[in-house]
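A.B. asks: Data: run_23.pdb, PDB, C-alpha atoms.
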```pdb
MODEL        1
ATOM      1  CA  MET A   1       0.000   0.000   0.000
ATOM      2  CA  LYS A   2       1.178   3.508  -0.818
ATOM      3  CA  SER A   3       1.649   5.945   2.074
ATOM      4  CA  LYS A   4       1.453   9.148   0.000
ATOM      5  CA  ILE A   5      -0.950  10.519  -2.596
ATOM      6  CA  PRO A   6       0.613  12.390  -5.524
ATOM      7  CA  LEU A   7      -1.172  15.461  -6.873
ATOM      8  CA  CYS A   8      -1.773  13.617 -10.122
ATOM      9  CA  PHE A   9      -1.328  10.310 -11.899
ATOM     10  CA  TYR A  10      -1.737   9.512 -15.585
ATOM     11  CA  PRO A  11      -0.704   6.672 -17.906
ATOM     12  CA  THR A  12       2.912   7.515 -18.664
ATOM     13  CA  GLN A  13       5.056   5.156 -20.702
ATOM     14  CA  ILE A  14       7.257   2.359 -19.444
ATOM     15  CA  VAL A  15      10.156   1.962 -21.902
ATOM     16  CA  PHE A  16      11.974  -1.369 -22.246
ATOM     17  CA  VAL A  17      15.358  -1.471 -23.984
ATOM     18  CA  ASP A  18      17.022  -4.788 -24.847
ATOM     19  CA  ASP A  19      18.884  -6.033 -27.921
ATOM     20  CA  ASN A  20      16.938  -9.327 -27.823
ATOM     21  CA  PRO A  21      13.612  -8.904 -29.705
ATOM     22  CA  ASP A  22      12.253 -12.170 -28.318
ATOM     23  CA  PHE A  23      12.838 -11.017 -24.740
ATOM     24  CA  LEU A  24      11.174  -7.677 -25.537
ATOM     25  CA  ASP A  25       8.170  -9.513 -26.968
ATOM     26  CA  ALA A  26       7.913 -11.529 -23.749
ATOM     27  CA  LEU A  27       8.055  -8.342 -21.647
ATOM     28  CA  SER A  28       5.450  -6.649 -23.818
ATOM     29  CA  MET A  29       3.134  -9.640 -23.516
ATOM     30  CA  ALA A  30       3.612  -9.720 -19.745
ATOM     31  CA  PHE A  31       3.060  -6.006 -19.085
ATOM     32  CA  SER A  32       1.044  -4.421 -21.898
ATOM     33  CA  LYS A  33      -2.262  -5.066 -20.121
ATOM     34  CA  GLN A  34      -1.042  -3.275 -16.993
ATOM     35  CA  PHE A  35       1.113  -0.488 -18.363
ATOM     36  CA  ASN A  36       1.559   1.834 -21.320
ATOM     37  CA  VAL A  37       4.519   0.005 -22.899
ATOM     38  CA  GLN A  38       7.095   1.069 -25.509
ATOM     39  CA  THR A  39       9.949  -1.268 -26.541
ATOM     40  CA  PHE A  40      13.267  -0.726 -28.334
ATOM     41  CA  ASP A  41      15.889  -3.229 -29.499
ATOM     42  CA  ASN A  42      18.189  -0.418 -30.666
ATOM     43  CA  THR A  43      19.874   1.833 -28.112
ATOM     44  CA  ASP A  44      20.356   4.760 -30.493
ATOM     45  CA  ALA A  45      16.662   4.794 -31.406
ATOM     46  CA  ALA A  46      15.702   4.533 -27.757
ATOM     47  CA  LEU A  47      17.947   7.447 -26.767
ATOM     48  CA  ARG A  48      16.547   9.624 -29.550
ATOM     49  CA  TYR A  49      13.013   8.824 -28.464
ATOM     50  CA  ILE A  50      13.673   9.607 -24.811
ATOM     51  CA  ASN A  51      15.971  12.613 -25.195
ATOM     52  CA  GLU A  52      14.583  14.344 -28.291
ATOM     53  CA  TYR A  53      10.874  13.676 -28.147
ATOM     54  CA  GLN A  54      10.189  13.753 -24.437
ATOM     55  CA  ARG A  55       9.235  16.891 -22.554
ATOM     56  CA  GLU A  56      10.953  17.495 -19.242
ATOM     57  CA  ALA A  57       8.680  16.421 -16.414
ATOM     58  CA  GLU A  58       6.992  19.454 -14.877
ATOM     59  CA  LEU A  59       3.531  19.515 -13.413
ATOM     60  CA  VAL A  60       3.148  23.135 -14.485
ATOM     61  CA  ALA A  61       5.698  24.980 -16.617
ATOM     62  CA  ASN A  62       7.512  27.729 -14.731
ATOM     63  CA  ASP A  63       6.388  30.394 -17.186
ATOM     64  CA  GLU A  64       2.743  29.362 -16.664
ATOM     65  CA  LYS A  65       2.761  29.071 -12.882
ATOM     66  CA  PRO A  66       1.711  32.149 -10.900
ATOM     67  CA  LYS A  67       4.004  33.248  -8.095
ATOM     68  CA  PRO A  68       2.763  32.278  -4.629
ATOM     69  CA  GLN A  69       1.148  35.244  -2.948
ATOM     70  CA  GLY A  70      -1.559  35.798  -0.354
ATOM     71  CA  ASP A  71      -3.791  32.854   0.467
ATOM     72  CA  SER A  72      -2.061  29.608  -0.511
ATOM     73  CA  ASP A  73      -5.388  27.925  -1.291
ATOM     74  CA  ALA A  74      -6.214  30.655  -3.794
ATOM     75  CA  TRP A  75      -2.832  30.084  -5.410
ATOM     76  CA  VAL A  76      -3.447  26.345  -5.605
ATOM     77  CA  LYS A  77      -6.812  26.974  -7.232
ATOM     78  CA  ARG A  78      -5.187  29.009 -10.006
ATOM     79  CA  VAL A  79      -2.512  26.401 -10.608
ATOM     80  CA  LEU A  80      -4.123  23.029 -10.038
ATOM     81  CA  THR A  81      -6.795  23.021 -12.698
ATOM     82  CA  HIS A  82      -7.075  20.918 -15.814
ATOM     83  CA  GLN A  83      -6.335  23.983 -17.935
ATOM     84  CA  ASN A  84      -3.020  24.716 -16.188
ATOM     85  CA  VAL A  85      -1.875  21.181 -15.565
ATOM     86  CA  LYS A  86      -2.535  20.419 -19.242
ATOM     87  CA  ARG A  87      -2.517  16.679 -18.829
ATOM     88  CA  PHE A  88      -5.426  15.909 -21.157
ATOM     89  CA  ASP A  89      -3.240  16.249 -24.235
ATOM     90  CA  GLU A  90      -1.731  13.305 -26.066
ATOM     91  CA  LEU A  91       1.741  14.121 -24.753
ATOM     92  CA  ARG A  92       0.762  12.701 -21.380
ATOM     93  CA  ILE A  93       0.687   9.153 -22.761
ATOM     94  CA  LYS A  94       4.090   9.566 -24.434
ATOM     95  CA  GLU A  95       5.791  10.839 -21.302
ATOM     96  CA  VAL A  96       8.293   8.286 -19.973
ATOM     97  CA  SER A  97       8.270   7.697 -16.227
ATOM     98  CA  VAL A  98      10.196   4.400 -15.942
ATOM     99  CA  LEU A  99      12.966   2.923 -18.072
ATOM    100  CA  VAL A 100      13.852  -0.796 -17.939
ATOM    101  CA  VAL A 101      17.167  -1.534 -19.646
ATOM    102  CA  ASP A 102      19.325  -4.615 -20.062
ATOM    103  CA  TYR A 103      22.942  -4.367 -18.961
ATOM    104  CA  SER A 104      24.552  -6.351 -21.775
ATOM    105  CA  MET A 105      23.990  -4.744 -25.194
ATOM    106  CA  PRO A 106      26.315  -4.450 -28.236
ATOM    107  CA  SER A 107      26.825  -0.693 -28.640
ATOM    108  CA  MET A 108      26.784   0.272 -24.948
ATOM    109  CA  ASN A 109      25.907  -1.372 -21.672
ATOM    110  CA  GLY A 110      22.792  -0.507 -19.688
ATOM    111  CA  ILE A 111      24.621   1.723 -17.210
ATOM    112  CA  GLU A 112      26.218   3.736 -20.010
ATOM    113  CA  PHE A 113      22.770   4.035 -21.597
ATOM    114  CA  CYS A 114      21.261   5.378 -18.379
ATOM    115  CA  GLU A 115      24.050   7.935 -18.069
ATOM    116  CA  LYS A 116      22.992   9.392 -21.434
ATOM    117  CA  ILE A 117      19.382  10.064 -20.363
ATOM    118  CA  ASN A 118      18.857  13.832 -20.112
ATOM    119  CA  ASN A 119      15.632  13.768 -18.107
ATOM    120  CA  LEU A 120      16.735  13.072 -14.545
ATOM    121  CA  SER A 121      13.122  12.551 -13.446
ATOM    122  CA  ILE A 122      12.872   9.236 -15.287
ATOM    123  CA  LYS A 123      13.254   6.232 -12.987
ATOM    124  CA  LYS A 124      15.651   3.560 -14.236
ATOM    125  CA  ILE A 125      15.708  -0.207 -13.647
ATOM    126  CA  LEU A 126      18.753  -2.225 -14.695
ATOM    127  CA  LEU A 127      18.356  -5.887 -15.628
ATOM    128  CA  THR A 128      21.636  -7.580 -14.828
ATOM    129  CA  GLY A 129      22.881 -10.748 -16.431
ATOM    130  CA  TYR A 130      26.554 -10.204 -16.978
ATOM    131  CA  ALA A 131      26.940  -7.137 -14.810
ATOM    132  CA  THR A 132      28.696  -7.774 -11.530
ATOM    133  CA  PRO A 133      26.862  -6.835  -8.335
ATOM    134  CA  ALA A 134      29.553  -4.195  -7.806
ATOM    135  CA  ASP A 135      28.675  -2.540 -11.149
ATOM    136  CA  ALA A 136      24.994  -2.347 -10.251
ATOM    137  CA  VAL A 137      25.621  -1.171  -6.691
ATOM    138  CA  ARG A 138      27.993   1.542  -7.917
ATOM    139  CA  ALA A 139      25.416   2.756 -10.453
ATOM    140  CA  PHE A 140      22.718   2.696  -7.765
ATOM    141  CA  ASN A 141      24.875   4.653  -5.313
ATOM    142  CA  ASN A 142      25.638   7.214  -8.021
ATOM    143  CA  ASN A 143      21.892   7.597  -8.675
ATOM    144  CA  THR A 144      22.416   6.449 -12.258
ATOM    145  CA  ILE A 145      19.842   3.722 -11.679
ATOM    146  CA  HIS A 146      17.096   3.397  -9.088
ATOM    147  CA  TYR A 147      16.655  -0.389  -9.001
ATOM    148  CA  TYR A 148      18.357  -3.489 -10.344
ATOM    149  CA  LEU A 149      17.216  -7.066 -10.854
ATOM    150  CA  LYS A 150      18.894 -10.252 -11.986
ATOM    151  CA  LYS A 151      17.534 -11.125 -15.391
ATOM    152  CA  ASN A 152      17.600 -14.891 -14.823
ATOM    153  CA  ASP A 153      15.842 -14.958 -11.433
ATOM    154  CA  ALA A 154      12.780 -17.203 -11.304
ATOM    155  CA  ASN A 155      10.594 -14.380  -9.945
ATOM    156  CA  MET A 156      12.021 -11.682 -12.202
ATOM    157  CA  LEU A 157       8.736 -10.713 -13.885
ATOM    158  CA  GLN A 158       6.875 -10.454 -10.588
ATOM    159  CA  ASP A 159       9.702  -8.469  -8.992
ATOM    160  CA  LEU A 160       9.923  -6.232 -12.062
ATOM    161  CA  GLU A 161       6.197  -5.451 -11.894
ATOM    162  CA  THR A 162       6.560  -4.491  -8.229
ATOM    163  CA  ALA A 163       9.562  -2.287  -8.990
ATOM    164  CA  ILE A 164       7.782  -0.514 -11.869
ATOM    165  CA  ASN A 165       4.775   0.196  -9.652
ATOM    166  CA  GLN A 166       6.955   1.614  -6.889
ATOM    167  CA  LEU A 167       9.057   3.787  -9.194
ATOM    168  CA  GLN A 168       6.097   5.087 -11.180
ATOM    169  CA  HIS A 169       4.484   6.168  -7.909
ATOM    170  CA  ALA A 170       7.773   7.800  -6.835
ATOM    171  CA  TYR A 171       7.940   9.604 -10.193
ATOM    172  CA  PHE A 172       4.587  11.278  -9.598
ATOM    173  CA  ASN A 173       5.334  12.073  -5.958
ATOM    174  CA  GLU A 174       8.507  13.872  -7.032
ATOM    175  CA  LEU A 175       6.695  15.541  -9.922
ATOM    176  CA  SER A 176       4.242  17.147  -7.517
ATOM    177  CA  SER A 177       6.544  17.692  -4.541
ATOM    178  CA  THR A 178       7.458  21.273  -5.477
ATOM    179  CA  LEU A 179       3.842  22.351  -5.719
ATOM    180  CA  LYS A 180       3.044  20.619  -2.464
ATOM    181  CA  ALA A 181       5.884  22.413  -0.708
ATOM    182  CA  GLU A 182       4.939  25.809  -2.134
ATOM    183  CA  ALA A 183       1.180  25.644  -1.836
ATOM    184  CA  ILE A 184       0.167  23.322   0.955
ATOM    185  CA  ASP A 185       0.482  23.932   4.658
ATOM    186  CA  SER A 186       3.284  21.669   5.851
ATOM    187  CA  GLY A 187       1.332  21.060   9.040
ATOM    188  CA  THR A 188      -1.506  19.269   7.260
ATOM    189  CA  PRO A 189      -1.087  15.523   6.712
ATOM    190  CA  PHE A 190      -3.505  15.411   3.776
ATOM    191  CA  PHE A 191      -1.157  13.962   1.143
ATOM    192  CA  ALA A 192       1.044  11.919   3.477
ATOM    193  CA  ASP A 193      -1.493  10.162   5.670
ATOM    194  CA  PRO A 194      -1.210   6.354   5.216
ATOM    195  CA  GLN A 195      -4.834   5.748   6.226
ATOM    196  CA  LEU A 196      -6.186   8.216   3.695
ATOM    197  CA  ALA A 197      -3.751   6.935   1.058
ATOM    198  CA  ARG A 198      -5.007   3.387   1.656
ATOM    199  CA  TYR A 199      -8.622   4.470   1.215
ATOM    200  CA  PHE A 200      -7.737   6.411  -1.923
ATOM    201  CA  GLN A 201      -5.793   3.526  -3.464
ATOM    202  CA  GLN A 202      -8.584   1.043  -2.759
ATOM    203  CA  THR A 203     -11.096   3.440  -4.303
ATOM    204  CA  CYS A 204      -8.981   3.804  -7.437
ATOM    205  CA  GLU A 205      -8.550   0.057  -7.759
ATOM    206  CA  SER A 206     -12.254  -0.671  -7.298
ATOM    207  CA  LEU A 207     -13.245   1.897  -9.949
ATOM    208  CA  GLY A 208     -10.478   0.972 -12.387
ATOM    209  CA  VAL A 209      -8.956   4.461 -12.285
ATOM    210  CA  THR A 210      -6.097   5.081 -14.714
ATOM    211  CA  GLU A 211      -5.538   8.784 -14.023
ATOM    212  CA  TYR A 212      -6.402  11.413 -11.473
ATOM    213  CA  TYR A 213      -5.779  15.099 -10.705
ATOM    214  CA  TYR A 214      -6.035  17.077  -7.489
ATOM    215  CA  LEU A 215      -8.380  20.083  -7.461
ATOM    216  CA  THR A 216      -9.495  22.502  -4.773
ATOM    217  CA  ASN A 217     -12.663  24.165  -3.456
ATOM    218  CA  PRO A 218     -13.423  21.663  -2.135
ATOM    219  CA  SER A 219     -10.339  19.447  -1.855
ATOM    220  CA  ARG A 220     -10.961  16.597  -4.240
ATOM    221  CA  PHE A 221      -9.446  14.366  -6.876
ATOM    222  CA  ALA A 222     -10.911  14.215 -10.368
ATOM    223  CA  LEU A 223     -10.773  10.527 -11.292
ATOM    224  CA  ARG A 224     -10.914   8.994 -14.745
ATOM    225  CA  THR A 225     -11.407   5.277 -15.377
ATOM    226  CA  ARG A 226     -10.115   3.135 -18.199
ATOM    227  CA  GLU A 227     -13.618   3.207 -19.683
ATOM    228  CA  GLY A 228     -13.678   7.011 -19.721
ATOM    229  CA  SER A 229     -16.035   7.503 -16.760
ATOM    230  CA  ASN A 230     -15.380  10.469 -14.487
ATOM    231  CA  PHE A 231     -15.710  10.641 -10.703
ATOM    232  CA  SER A 232     -14.810  13.058  -7.929
ATOM    233  CA  CYS A 233     -13.252  11.851  -4.698
ATOM    234  CA  VAL A 234     -14.180  14.627  -2.256
ATOM    235  CA  ILE A 235     -12.159  14.837   0.973
ATOM    236  CA  TYR A 236     -13.122  16.967   3.969
ATOM    237  CA  THR A 237     -11.509  17.500   7.368
ATOM    238  CA  GLU A 238     -13.267  18.671  10.525
ATOM    239  CA  GLU A 239     -12.042  22.197   9.768
ATOM    240  CA  ASP A 240     -13.482  22.055   6.251
ATOM    241  CA  ILE A 241     -16.886  21.011   7.542
ATOM    242  CA  ALA A 242     -16.823  23.721  10.211
ATOM    243  CA  GLU A 243     -16.120  26.319   7.528
ATOM    244  CA  HIS A 244     -19.058  25.100   5.450
ATOM    245  CA  LEU A 245     -21.346  25.145   8.492
ATOM    246  CA  GLN A 246     -20.345  28.734   9.194
ATOM    247  CA  ILE A 247     -21.209  29.766   5.624
ATOM    248  CA  LEU A 248     -24.501  27.876   5.772
ATOM    249  CA  GLN A 249     -25.409  29.678   8.967
ATOM    250  CA  GLU A 250     -24.414  33.091   7.642
ATOM    251  CA  GLU A 251     -26.399  32.561   4.440
ATOM    252  CA  SER A 252     -29.505  31.245   6.280
ATOM    253  CA  ALA A 253     -29.375  27.923   4.456
ATOM    254  CA  PRO A 254     -32.208  25.403   4.978
ATOM    255  CA  LYS A 255     -32.016  23.745   8.381
ATOM    256  CA  THR A 256     -32.218  20.267   6.860
ATOM    257  CA  LEU A 257     -29.125  21.019   4.772
ATOM    258  CA  TYR A 258     -27.252  22.389   7.781
ATOM    259  CA  SER A 259     -28.221  19.387   9.945
ATOM    260  CA  ALA A 260     -27.152  16.862   7.310
ATOM    261  CA  ILE A 261     -23.665  18.361   6.979
ATOM    262  CA  GLU A 262     -23.391  18.941  10.736
ATOM    263  CA  SER A 263     -23.987  15.226  11.293
ATOM    264  CA  HIS A 264     -20.778  14.486   9.330
ATOM    265  CA  LYS A 265     -22.718  11.749   7.546
ATOM    266  CA  PHE A 266     -22.929  13.871   4.394
ATOM    267  CA  VAL A 267     -20.476  16.153   2.604
ATOM    268  CA  PRO A 268     -21.264  18.763  -0.056
ATOM    269  CA  LEU A 269     -20.063  19.329  -3.572
ATOM    270  CA  PHE A 270     -21.706  22.613  -4.478
ATOM    271  CA  GLN A 271     -21.286  23.619  -8.114
ATOM    272  CA  THR A 272     -20.232  27.190  -7.297
ATOM    273  CA  ALA A 273     -17.100  29.201  -7.985
ATOM    274  CA  ASP A 274     -15.736  28.816  -4.463
ATOM    275  CA  GLY A 275     -17.355  25.491  -3.632
ATOM    276  CA  PHE A 276     -19.579  26.950  -0.896
ATOM    277  CA  TYR A 277     -23.337  27.257  -0.556
ATOM    278  CA  GLU A 278     -24.944  30.306  -2.144
ATOM    279  CA  PRO A 279     -28.417  31.684  -1.356
ATOM    280  CA  GLY A 280     -31.041  30.811  -3.902
ATOM    281  CA  MET A 281     -29.381  27.593  -5.030
ATOM    282  CA  LYS A 282     -31.902  25.242  -6.601
ATOM    283  CA  ASP A 283     -32.229  21.903  -4.833
ATOM    284  CA  ALA A 284     -29.075  22.369  -2.746
ATOM    285  CA  ALA A 285     -29.844  19.104  -0.946
ATOM    286  CA  ALA A 286     -29.044  17.261  -4.176
ATOM    287  CA  SER A 287     -25.450  18.490  -3.820
ATOM    288  CA  ILE A 288     -24.680  16.555  -0.629
ATOM    289  CA  TYR A 289     -23.482  12.957  -0.622
ATOM    290  CA  PRO A 290     -23.067  10.141   1.925
ATOM    291  CA  ALA A 291     -19.662  10.352   3.591
ATOM    292  CA  VAL A 292     -17.188   7.656   4.577
ATOM    293  CA  HIS A 293     -15.253   8.402   7.764
ATOM    294  CA  ILE A 294     -11.504   7.750   7.579
ATOM    295  CA  SER A 295      -9.648   7.941  10.879
ATOM    296  CA  GLY A 296      -6.071   8.944  10.161
ATOM    297  CA  ALA A 297      -3.774  11.617  11.562
ATOM    298  CA  VAL A 298      -6.985  13.663  11.551
ATOM    299  CA  ASN A 299     -10.572  12.745  10.727
ATOM    300  CA  TYR A 300     -11.477  12.710   7.048
ATOM    301  CA  TYR A 301     -14.933  12.551   5.506
ATOM    302  CA  CYS A 302     -14.914  11.333   1.927
ATOM    303  CA  ALA A 303     -17.423  10.753  -0.841
ATOM    304  CA  ILE A 304     -17.147   9.278  -4.339
ATOM    305  CA  ILE A 305     -19.377  11.155  -6.775
ATOM    306  CA  GLU A 306     -19.957  10.132 -10.379
ATOM    307  CA  ASP A 307     -19.807  12.996 -12.857
ATOM    308  CA  ALA A 308     -22.547  12.021 -15.265
ATOM    309  CA  GLY A 309     -22.365  15.308 -17.157
ATOM    310  CA  ALA A 310     -18.616  15.557 -17.732
ATOM    311  CA  THR A 311     -17.735  17.471 -20.876
ATOM    312  CA  GLU A 312     -13.977  17.065 -20.771
ATOM    313  CA  ALA A 313     -11.983  15.392 -23.510
ATOM    314  CA  PRO A 314     -12.624  11.644 -23.778
ATOM    315  CA  ALA A 315     -10.129   9.291 -22.242
ATOM    316  CA  ILE A 316      -7.464   8.024 -24.591
ATOM    317  CA  LYS A 317      -7.791   4.262 -24.864
ATOM    318  CA  LEU A 318      -4.630   2.542 -23.743
ATOM    319  CA  PRO A 319      -3.582  -1.023 -22.966
ATOM    320  CA  THR A 320      -3.284  -0.041 -19.324
ATOM    321  CA  GLY A 321      -4.666  -1.806 -16.303
ATOM    322  CA  VAL A 322      -5.773  -0.396 -13.003
ATOM    323  CA  LEU A 323      -3.911   2.294 -11.146
ATOM    324  CA  HIS A 324      -0.832   1.268  -9.192
TER     325      HIS A 324
ENDMDL
END
```
Could you spell out this file's structure in structure tokens?

C.D. replies:
Amino acid sequence: MKSKIPLCFYPTQIVFVDDNPDFLDALSMAFSKQFNVQTFDNTDAALRYINEYQREAELVANDEKPKPQGDSDAWVKRVLTHQNVKRFDELRIKEVSVLVVDYSMPSMNGIEFCEKINNLSIKKILLTGYATPADAVRAFNNNTIHYYLKKNDANMLQDLETAINQLQHAYFNELSSTLKAEAIDSGTPFFADPQLARYFQQTCESLGVTEYYYLTNPSRFALRTREGSNFSCVIYTEEDIAEHLQILQEESAPKTLYSAIESHKFVPLFQTADGFYEPGMKDAAASIYPAVHISGAVNYYCAIIEDAGATEAPAIKLPTGVLH
């Protein structure tokens, strides 16, 4: 189980490089249902693909990201939207997050290949056959590779799947770490609470989620499944609910609405600019949903809400499995 929730996840590519086409075919057959796979039996072609055609991993380009100022939540709202994150373009499925490379290849070995990768964000797994343990350990200690496996081990495929899952998750945690540090109160455990992360992972697995994005007002994740369905995973803390109750009271909201949210058995998802109740809303009671209580570092109240009227771009069909 993962202990942290990245700000986003989408079906990046896993690139396999090996001079043996038969071995690549076996890897593709083993992993193409779970991951977005690209294979190369030529190191020069693989390097061109990774170095020339890949964008550097940034959640939001520096020239697009507003400077933090004033209320951090307001800053997050401006940054963490689908328009700014720009992850519904086709480039998102060509972005490489994990590289799996064989050590023994004719033109260069796997360590030399990894040293030529320009994008330092890409996680690298070395498959060793002829490499000595000292070679792999040295490359690992130098941060040239992030994992190594013996190619002829009986459990190699299972261990490789585990390693890819772990490194892909680490890729997205690092991708979003700067925004988290700049925009989110370091005293809140929201993204690093193991109990909440467990709930979120189980939710993603049960729905078949292949990508998600964090949004604010209220705090929620926009989820997209492999079939193209859209959901919101809304997450409230005690403080969030108290803030909503205060607004409801100030705006003389219906007592039934106030009581439902006060009970903590329901949480709202009001379709307003700031996510709060507004006077005159039609059928506001239809905007509250049954909550699941998660007891972590703090109390969380979560709801999974299907977005039947989503108008965003359709999901790109990929040979990917459930979220890892």

A.B. asks: Need the shell around Asp283 (chain A): protein/DNA/RNA residues with any atom at most 12 Å away, counting only C-alpha atoms. Skip same-chain ones fewer than 3 positions apart. Format as a ChimeraX atom specification?

C.D. replies: /A:253-254,256-257,270-271,277-280,286-288

A.B. asks: Using only C-alpha atoms for the distances, tell me which of A:Phe113, A:Tyr289, A:Tyr213, A:Phe276 is nearest to Ile305 (chain A).

C.D. replies: A:Tyr289

A.B. asks: Just checking: using only C-alpha atoms, which residue out of A:Phe200, A:Leu248, A:Tyr171, A:Asp307 ends up closest to Val292 (chain A)?

C.D. replies: A:Phe200

A.B. asks: Under the rule that all atoms listed in the file are counted, which of A:Ile294, A:Cys114, A:Val209, A:Ala30 is the nearest residue to Asn142 (chain A)?

C.D. replies: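 Looking at the shortest contact to Asn142 (chain A), the residue is A:Cys114.
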
A.B. asks: Would you mind listing what lies within 8 Å of Val98 (chain A) as an mmCIF file with C-alpha atoms, in the coordinates of the input, with all atoms listed in the file counted and same-chain residues fewer than 4 positions away left out?

C.D. replies:
```
data_model
loop_
_atom_site.group_PDB
_atom_site.id
_atom_site.type_symbol
_atom_site.label_atom_id
_atom_site.label_comp_id
_atom_site.auth_asym_id
_atom_site.auth_seq_id
_atom_site.Cartn_x
_atom_site.Cartn_y
_atom_site.Cartn_z
ATOM 1 C CA GLN A 13 5.056 5.156 -20.702
ATOM 2 C CA ILE A 14 7.257 2.359 -19.444
ATOM 3 C CA VAL A 15 10.156 1.962 -21.902
ATOM 4 C CA ILE A 122 12.872 9.236 -15.287
ATOM 5 C CA LYS A 123 13.254 6.232 -12.987
ATOM 6 C CA LYS A 124 15.651 3.560 -14.236
ATOM 7 C CA ILE A 125 15.708 -0.207 -13.647
ATOM 8 C CA ILE A 164 7.782 -0.514 -11.869
ATOM 9 C CA LEU A 167 9.057 3.787 -9.194
ATOM 10 C CA GLN A 168 6.097 5.087 -11.180
#
```

A.B. asks: What would the selection look like, as a PyMOL selection string, if the PyMOL selection byres ((chain A and resi 24) around 12) were run on the coordinates I just shared?

C.D. replies: chain A and resi 15-23+25-32+37-42+100-102

A.B. asks: List the residues selected by the PyMOL selection byres ((chain A and resi 217) around 7) in the file shown, writing them as a PDB file with C-alpha atoms, in the frame of the given file.

C.D. replies:
```
ATOM      1  CA  THR A 216      -9.495  22.502  -4.773  1.00  0.00           C
ATOM      2  CA  PRO A 218     -13.423  21.663  -2.135  1.00  0.00           C
ATOM      3  CA  SER A 219     -10.339  19.447  -1.855  1.00  0.00           C
ATOM      4  CA  ASP A 274     -15.736  28.816  -4.463  1.00  0.00           C
ATOM      5  CA  GLY A 275     -17.355  25.491  -3.632  1.00  0.00           C
TER       6      GLY A 275
END
```

A.B. asks: Any chance you could resolve the PyMOL selection byres ((chain A and resi 229) around 10) against this file and give the residues as a PyMOL selection string?

C.D. replies: chain A and resi 207-209+223-228+230-231+306-308+310+314-315

A.B. asks: Kindly export the residues of the current selection with C-alpha atoms, as a CSV table (one decimal), in the coordinates of the input.

C.D. replies:
```csv
chain,number,residue,atom,x,y,z
A,207,LEU,CA,-13.2,1.9,-9.9
A,208,GLY,CA,-10.5,1.0,-12.4
A,209,VAL,CA,-9.0,4.5,-12.3
A,223,LEU,CA,-10.8,10.5,-11.3
A,224,ARG,CA,-10.9,9.0,-14.7
A,225,THR,CA,-11.4,5.3,-15.4
A,226,ARG,CA,-10.1,3.1,-18.2
A,227,GLU,CA,-13.6,3.2,-19.7
A,228,GLY,CA,-13.7,7.0,-19.7
A,230,ASN,CA,-15.4,10.5,-14.5
A,231,PHE,CA,-15.7,10.6,-10.7
A,306,GLU,CA,-20.0,10.1,-10.4
A,307,ASP,CA,-19.8,13.0,-12.9
A,308,ALA,CA,-22.5,12.0,-15.3
A,310,ALA,CA,-18.6,15.6,-17.7
A,314,PRO,CA,-12.6,11.6,-23.8
A,315,ALA,CA,-10.1,9.3,-22.2
```

A.B. asks: Hey, which of A:Ala139, A:Leu175, A:Leu126, A:Leu7 ends up closest to Lys151 (chain A)? Count all atoms listed in the file.

C.D. replies: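 Closest candidate: A:Leu126.
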
A.B. asks: Give me, please, the distance in Å between CA of Thr128 (chain A) and CA of Val96 (chain A), quoted to one decimal.

C.D. replies: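 Between these atoms lies a distance of 21.4 Å.
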
A.B. asks: Just the number, please: distance in Å from CA of His244 (chain A) to CA of Cys302 (chain A), one decimal.

C.D. replies: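 Calculated distance between CA of His244 (chain A) and CA of Cys302 (chain A) is 14.8 Å.
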
A.B. asks: Grab the CA of Ala163 (chain A) to CA of Lys150 (chain A) distance for me, in Å with one decimal place.

C.D. replies: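 Separating CA of Ala163 (chain A) from CA of Lys150 (chain A) is a distance of 12.6 Å.
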
A.B. asks: Let me make sure I understand: among A:Leu99, A:Asn173, A:Arg48, A:Leu245, which one has the smallest atom-to-atom distance to Tyr147 (chain A) if we use all atoms listed in the file?

C.D. replies: A:Leu99

A.B. asks: With only C-alpha atoms as the basis for distance, which of A:Met156, A:Val137, A:Val267, A:Ile111 is at the shortest distance from Asp240 (chain A)?

C.D. replies: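 Checking each candidate against Asp240 (chain A), we get A:Val267 as the closest.
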